Amino acid sequence: MSQDQNDIVPPEVERVRHELKRRTLTVAAADYITPAMRRITFVCPELADFISAAPDDHIKLFFDTGEEKPAMRDYTPRRYDNDRRSLTIDFAIHDAGPATAWAVAARPGDTLEIGGPRGSAVVKGPVAHWLLIGDETALPAIGRRIEEAEAGASVTAIIAVPSSDDRQVFGTEADVDLRWIDRAGAVATDPAPFLGALRDVDLPPQTFAWIGAEARVARAARNFLVEERGHPLTWMNASGYWVADQAGVSEKNM
Ligand SMILES: Cc1cc2nc3c(=O)[nH]c(=O)nc-3n(C[C@H](O)[C@H](O)[C@H](O)COP(=O)(O)OP(=O)(O)OC[C@H]3O[C@@H](n4cnc5c(N)ncnc54)[C@H](O)[C@@H]3O)c2cc1C
C-alpha cells in the first residue's frame, strides 16, 4: 500500500525563518502533570510577539552551570499565548542534566533565558494521515500536532512513556488513534517496542511519518519504515531528540 506513495508528489516543507530573539522568562507555575513530566508556564512581556509556526519547533534554553558558557538545550514550545504573554514548556524528567535539574527545582519567580525559535519547518500539501512516533521528549511536539490538527484529520500516534501513569490526554477534534508503549522500567534506548508497533501499523496513501526519540531508536524506526514497509523518505521526518550517554546532543532531520 505504502509503495503507491512513491508516485504521489510529496508534501512541500516550507522553511519559515523568524527573527532570532532572546528573552528572559519568569516562571509563573511549575507542576508535575504526570510523574515524569513537569510542566512549566512562563510569563514575560516580550512574549507578545513570540512565534512558533510548527508543532515541532524548538527553542534554546540557557542554563548557568558555573562554566564559562551556559549549557544549551532544545525544548518544544508546548503552548503559547501572545495576549497573556505566556509560554509553556513540558520537561521530561530523567536522571541527570542541567535542564532536568533546573526543571525539578523551578519555582514561581525563577527566571530562564531562551532563544528562538530560529525557524519552523511547516509541512504543507497533501497529507491525508499523520503517523507520529516518539518518546516522552517528543510528547510535547506530538501533543501540539494533535491539538492543532484540524477537525477530522487522521492521526495515529505511537508514544513510549516511562509508565502507564505518564500517558496524557489531548483536547482535539482530530480523529486520533493513540497507542501507548509503557516501558515499565525498560530502557528508552531499545527500538524493539516501536518496531513491533510499526510492523502492522496502517500506512494509507499520503501518510506523513514523524519520528522523535533517542537517536538510535529514531534511526531504527525510520529504517524500518523505509526498508520493511517501503515508506518513502520524502514522506518522513526523523530526529534524534537526545543521544544516549551524550549530554546536550541531538540529531535533527536524520
Ligand atoms: C527539537 C527538540 C525538541 C525537544 N523538545 C523537548 C521537550 O519539549 N521536552 C523534553 O523533555 N525534551 C525535549 N527535547 C530533548 C531534550 O533536549 C534532551 O533530553 C536534553 O538532552 C535534556 O537535557 P538535560 O540537561 O536534562 O540532559 P543532558 O545534560 O543533555 O544529558 C545528560 C545525560 O542524560 C541523557 N539524557 C538526555 N535526555 C534524556 C532523556 N529524556 N531520558 C534519558 N536520558 C536522557 C544523555 O544521554 C546524557 O547521558 C527536545 C530535543 C530536540 C532536539
# chains A, B, ... in the order shown; residues from 1 in each chain; ligands from 1
call {"tool": "residues_near_ligand", "arguments": {"ligand": "ligand 1", "cutoff": "6 Å", "atoms": "only C-alpha atoms and all ligand atoms", "output": "PyMOL selection string"}}
result
chain A and resi 58+73-76+90-92+94+96-100+137-138+140+241-248+250
call {"tool": "write_last_selection", "arguments": {"atoms": "C-alpha atoms", "output": "mmCIF file, in the first residue's frame"}}
result
data_model
loop_
_atom_site.group_PDB
_atom_site.id
_atom_site.type_symbol
_atom_site.label_atom_id
_atom_site.label_comp_id
_atom_site.auth_asym_id
_atom_site.auth_seq_id
_atom_site.Cartn_x
_atom_site.Cartn_y
_atom_site.Cartn_z
ATOM 1 C CA HIS A 58 12.329 24.188 19.213
ATOM 2 C CA ARG A 73 19.312 22.513 25.483
ATOM 3 C CA ASP A 74 16.485 22.290 22.932
ATOM 4 C CA TYR A 75 12.845 22.264 24.067
ATOM 5 C CA THR A 76 9.476 22.474 22.335
ATOM 6 C CA ASP A 90 6.974 20.360 29.278
ATOM 7 C CA PHE A 91 10.164 18.849 30.723
ATOM 8 C CA ALA A 92 10.527 15.063 30.628
ATOM 9 C CA HIS A 94 15.208 11.883 33.640
ATOM 10 C CA ALA A 96 20.545 13.975 35.338
ATOM 11 C CA GLY A 97 21.398 17.008 33.276
ATOM 12 C CA PRO A 98 21.248 20.792 33.701
ATOM 13 C CA ALA A 99 17.818 21.132 32.088
ATOM 14 C CA THR A 100 16.315 18.387 34.187
ATOM 15 C CA THR A 137 10.764 14.049 24.921
ATOM 16 C CA ALA A 138 8.686 14.215 21.728
ATOM 17 C CA PRO A 140 5.203 17.986 23.622
ATOM 18 C CA TYR A 241 15.803 14.222 20.269
ATOM 19 C CA TRP A 242 18.615 13.018 22.526
ATOM 20 C CA VAL A 243 21.590 10.725 22.225
ATOM 21 C CA ALA A 244 22.265 8.100 24.880
ATOM 22 C CA ASP A 245 25.307 8.848 27.049
ATOM 23 C CA GLN A 246 25.927 12.222 25.407
ATOM 24 C CA ALA A 247 24.898 15.440 27.134
ATOM 25 C CA GLY A 248 23.194 18.146 25.101
ATOM 26 C CA SER A 250 20.646 15.765 19.221
#
call {"tool": "residues_around", "arguments": {"residues": "Leu25 (chain A)", "least_positions_apart": "5", "cutoff": "8 Å", "atoms": "only C-alpha atoms", "output": "list in words"}}
result
Phe42, Val43, Cys44, Thr111, Leu112, Glu113 and Ile114 of chain A
call {"tool": "closest_residue", "arguments": {"among": "A:Arg17, A:Val249, A:Pro117, A:Ile51", "to": "Ala71 (chain A)", "atoms": "only C-alpha atoms"}}
result
A:Val249
call {"tool": "closest_residue", "arguments": {"among": "A:Arg179, A:Ser163, A:Asp202, A:Gly134", "to": "Ala215 (chain A)", "atoms": "only C-alpha atoms"}}
result
A:Gly134
call {"tool": "residues_around", "arguments": {"residues": "Ile89 (chain A)", "least_positions_apart": "4", "cutoff": "10 Å", "atoms": "only C-alpha atoms", "output": "list in words"}}
result
Ala30, Arg38, Arg39, Ile40, Thr41, Phe42, Ile59, Tyr75, Thr76, Pro77, Arg78, Arg79, Tyr80, Ala103 and Pro140 of chain A
call {"tool": "closest_atom_pairs", "arguments": {"of": "region 100-139 of chain A", "to": "region 223-234 of chain A", "cutoff": "12 Å", "atoms": "only C-alpha atoms", "output": "CSV"}}
result
residue,atom,partner,partner_atom,distance
A:Val123,CA,A:Thr234,CA,11.3
A:Val127,CA,A:Thr234,CA,11.8
A:Leu131,CA,A:Leu225,CA,10.9
A:Ile133,CA,A:Leu225,CA,11.3
call {"tool": "residues_around", "arguments": {"residues": "Arg219 (chain A)", "least_positions_apart": "3", "cutoff": "10 Å", "atoms": "only C-alpha atoms", "output": "compact mmCIF listing (two decimals) with C-alpha atoms, in the first residue's frame"}}
result
# COMPACT_ATOMS: atom_id res chain seq x y z
CA PRO A 191 13.83 0.30 19.49
CA ILE A 211 9.64 10.46 14.47
CA GLY A 212 11.27 11.96 17.58
CA ALA A 213 13.07 9.76 20.10
CA GLU A 214 16.54 8.73 21.30
CA ALA A 215 18.75 8.83 18.18
CA ARG A 216 19.30 5.09 17.82
CA ARG A 222 12.97 5.36 10.19
CA ASN A 223 14.94 2.49 8.62
CA PHE A 224 12.19 0.03 9.46
CA LEU A 225 9.56 2.17 7.75
CA ALA A 238 13.00 11.65 11.83
CA SER A 239 15.07 13.28 14.57
CA GLY A 240 17.12 12.02 17.47
CA GLU A 251 20.44 14.62 15.60
CA MET A 254 18.46 12.45 10.20
call {"tool": "closest_residue", "arguments": {"among": "A:Gly143, A:Pro45, A:Gly116, A:Pro204", "to": "Ala174 (chain A)", "atoms": "only C-alpha atoms"}}
result
A:Gly143
call {"tool": "residues_around", "arguments": {"residues": "Val176 (chain A)", "least_positions_apart": "2", "cutoff": "7 Å", "atoms": "only C-alpha atoms", "output": "list in words"}}
result
Ser154, Val155, Thr156, Ala174 and Leu178 of chain A
call {"tool": "write_last_selection", "arguments": {"atoms": "C-alpha atoms", "output": "JSON list (two decimals), in the first residue's frame"}}
result
[["chain", "number", "residue", "atom", "x", "y", "z"],
["A", 154, "SER", "CA", -6.48, 11.39, 10.68],
["A", 155, "VAL", "CA", -3.66, 10.69, 13.16],
["A", 156, "THR", "CA", -2.04, 7.60, 14.61],
["A", 174, "ALA", "CA", -8.93, 15.21, 15.00],
["A", 178, "LEU", "CA", -3.32, 6.77, 20.41]]
call {"tool": "select_by_dssp", "arguments": {"residues": "region 7-250 of chain A", "states": "alpha helix (DSSP H)", "output": "number ranges by chain"}}
result
A: 98-105, 139-148, 192-199, 215-223
